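S.K.: Please find one structure pasted underneath; my questions will follow.
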Amino acid sequence: MTVTRFPPSPTGDLHIGGARTALYSWLYARQNDGKFILRIEDTDLERNSKQSVDAIIDGMNWLGLDYDEGPIFQTDRFDRYKAVIQQLLDEGKAYRCDCTTEELEAVREQQRANKEKPKYNGKCRERHDVSVEGSVIRFKNPLEGDVVIHDRVKGDIVINNRELDDLILARPNGVPTYNLTVVVDDMDMQMTHVIRGDDHINNTPRQINLFLALGAKLPEFAHVPMILGDDGKRLSKRHGAVGVMQYRDDGFIPQALLNYLLRLGWSHEEQEIFSREEMIDLFKLENVNVAASTFNTKKLIWVNEQYIKTLAAEELAEHLEWHLDNQKLDISNGPAITDVIEAHRDRAKTLKELASNIRYYYEDFSEYDEKAAKKNFKTATPGILQNLLDKFKQVNDWNPESIESVIQATCEELELGMGKVGPPLRVAVTGTAMSPSLDVTLNLVGKERSLKRLEKAVAFATAKYAES
Ligand code: GLU
């Protein structure tokens, strides 16, 4: 069975790069009816935080990247790591080393002077008298031969063992290192595919040697290129590499963010928008780009807009709920949210924007948008609005058609174009200069609210021009 994993170190939020490798691993497991494991690599006791673990789990949940096992915490597995290290020591595949920092630095200095690649010189490899106290445990990396990574993204990569250090498996305090824990876990969890960022590619040959030393079956490797900012530099907060939950707060739909991340570094013909099912069906490791990708906020917003335009209104309503709560908008007293979504989905780039655009359906406003009122309330306004108001009062069947015919009738009676009647009406009923077409808007606002607002606007505009 295919088994993949996402093993973040809980030292911060789940950010864009991590979310993308999680997505690729998740997709690969799902398309092969496999298992996807969430493993928390929390051996760095000083840099870990519970807050970060929570942020990662929240991020995974929000994105809908469900896992079949986990979260598994490495700190719960220290005994197992110790046992494996002991096994390697017993089998002569690892050794204790008490070289001091000064000694190691002197060796490196010498190597640099000789124009050699700096690495541990193997001084303690064959010693048996190193005391436990204060010593590290190193892996006896083979001295000869090549390690070949058959990378599913990058192709074959060959590294000679002479290039590789005897890596440290445990520190003097006994805490195992990343390369040891990751191999023990991937072995014990029967990982078939390791899909991760290519910042780990230097670790892979070392890990392969460790797998072999432990007699474990090698997983397949796929190294995904980094994501860069639009200035070609490594992605940082400045470029939008914030935690994924920030994207929720900013009004992105999780599926849109996944869609963007999928396309960032992978493509399928010219297709831009992928349903969850299509993602699972079409994703291929071999089609992951070999070159780094550039993060582009504009494109992400475009993808989000497409989702807002096309997602079923009921589904959008579910995503919108968080924003309505966050913006303290109670929608229980007003039109059906799905109807409002249908009317507004073409004019919002984000859910945050959508939520803030629809307040006037549910709440009365105390002030008009200043610019809108200034531009659209003229001396003729009270007369126009009064005329509309009188006619609207007579309407029994409040619907877009009846509303539209009132507007037409007022235009005709006052011999004014739509351009003179529509804008003040819109400001009167919505408080703003932007809304869907007036028949749709007034229909959703409802008769009672529309009449009240027109009365208020007549009074407001009258007072305004009486003053001047
Ligand atoms: N904990 C490592 C990281 O967050 C995992 C790397 C791996 O996938 O092996 O970078």
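The chains in the structure tokens are called A, B, ... from first to last as shown; in each chain the residues are counted from 1, and the ligands are counted from 1 in the order shown.
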Using only C-alpha atoms, which residues sit within 8 Å of region 137-153 of chain A once same-chain residues fewer than 3 positions away are excluded, as an MDAnalysis selection string?
M.R.: chainID A and resid 93:97 125 156:162 164:172 204:206 208:210 220:224 285:290
S.K.: Which residues sit within 7 Å of ligand 1, counting only C-alpha atoms and all ligand atoms, listed as a list in words?
M.R.: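 The residues within 7 Å of ligand 1, counting only C-alpha atoms and all ligand atoms, are Phe6, Pro7, Pro8, Ser9, Glu41, Val182, Val194, Ile195, Arg196 and His200 of chain A.
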S.K.: Got a sec: who's within 10 Å of Arg5 (chain A), counting only C-alpha atoms, leaving out chain neighbours fewer than 2 positions off, as a list in words?
M.R.: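 Near Arg5 (chain A), the qualifying residues are Val3, Pro7, Pro8, Thr21, Ala22, Tyr24, Ser25, Trp26, Tyr28, Ala29, Lys35, Phe36, Ile37, Leu38, Arg39, Tyr67, Asp68, Glu69, Gly70, Asp186, Met189, Met191, Thr192, His193, Val194, Ile195 and Arg196 of chain A.
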S.K.: Please indicate the distance in Å from CA of Ile280 (chain A) to CA of Gly64 (chain A), rounded to one decimal place.
M.R.: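 CA of Gly64 (chain A) lies 13.1 Å from CA of Ile280 (chain A).
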S.K.: Rounded to one decimal in Å, what is the spacing between CA of Asn114 (chain A) and CA of Glu102 (chain A)?
M.R.: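 Distance reported for this atom pair: 18.4 Å.
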S.K.: I want to know what sits within 8 Å of Gln255 (chain A), based on only C-alpha atoms, with residues of the same chain fewer than 4 positions away left out; could you give that as a PyMOL selection string?
M.R.: chain A and resi 63+259+276
S.K.: Please run DSSP on the backbone and report, as an MDAnalysis selection string, all residues within region 160-392 of chain A that come out as alpha helix (DSSP H).
M.R.: chainID A and resid 178:188 203:213 244:249 254:263 276:282 297:310 313:326 337:344 351:357 370:376 381:392
S.K.: Extract, using only C-alpha atoms, all DNA, RNA and protein residues at most 8 Å from region 434-441 of chain A, discarding same-chain residues fewer than 4 positions from it, and format them as a ChimeraX atom specification.
M.R.: /A:343-344,399-401,403-404,422,426,430,445
S.K.: Determine, counting only C-alpha atoms, which protein, DNA and RNA residues have an atom within 10 Å of an atom of Gln190 (chain A); residues of the same chain fewer than 3 positions away are not included. Present the result as a ChimeraX atom specification.
M.R.: /A:1-4,184-187,193,216-219
S.K.: What lies within 12 Å of Gln271 (chain A) using only C-alpha atoms, ignoring chain neighbours under 6 positions off, as a list in words?
M.R.: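 Once the nearby chain positions are removed, what remains is Asn259, Tyr260, Leu262, Arg263, Glu278, Met279, Leu282 and Val303 of chain A.
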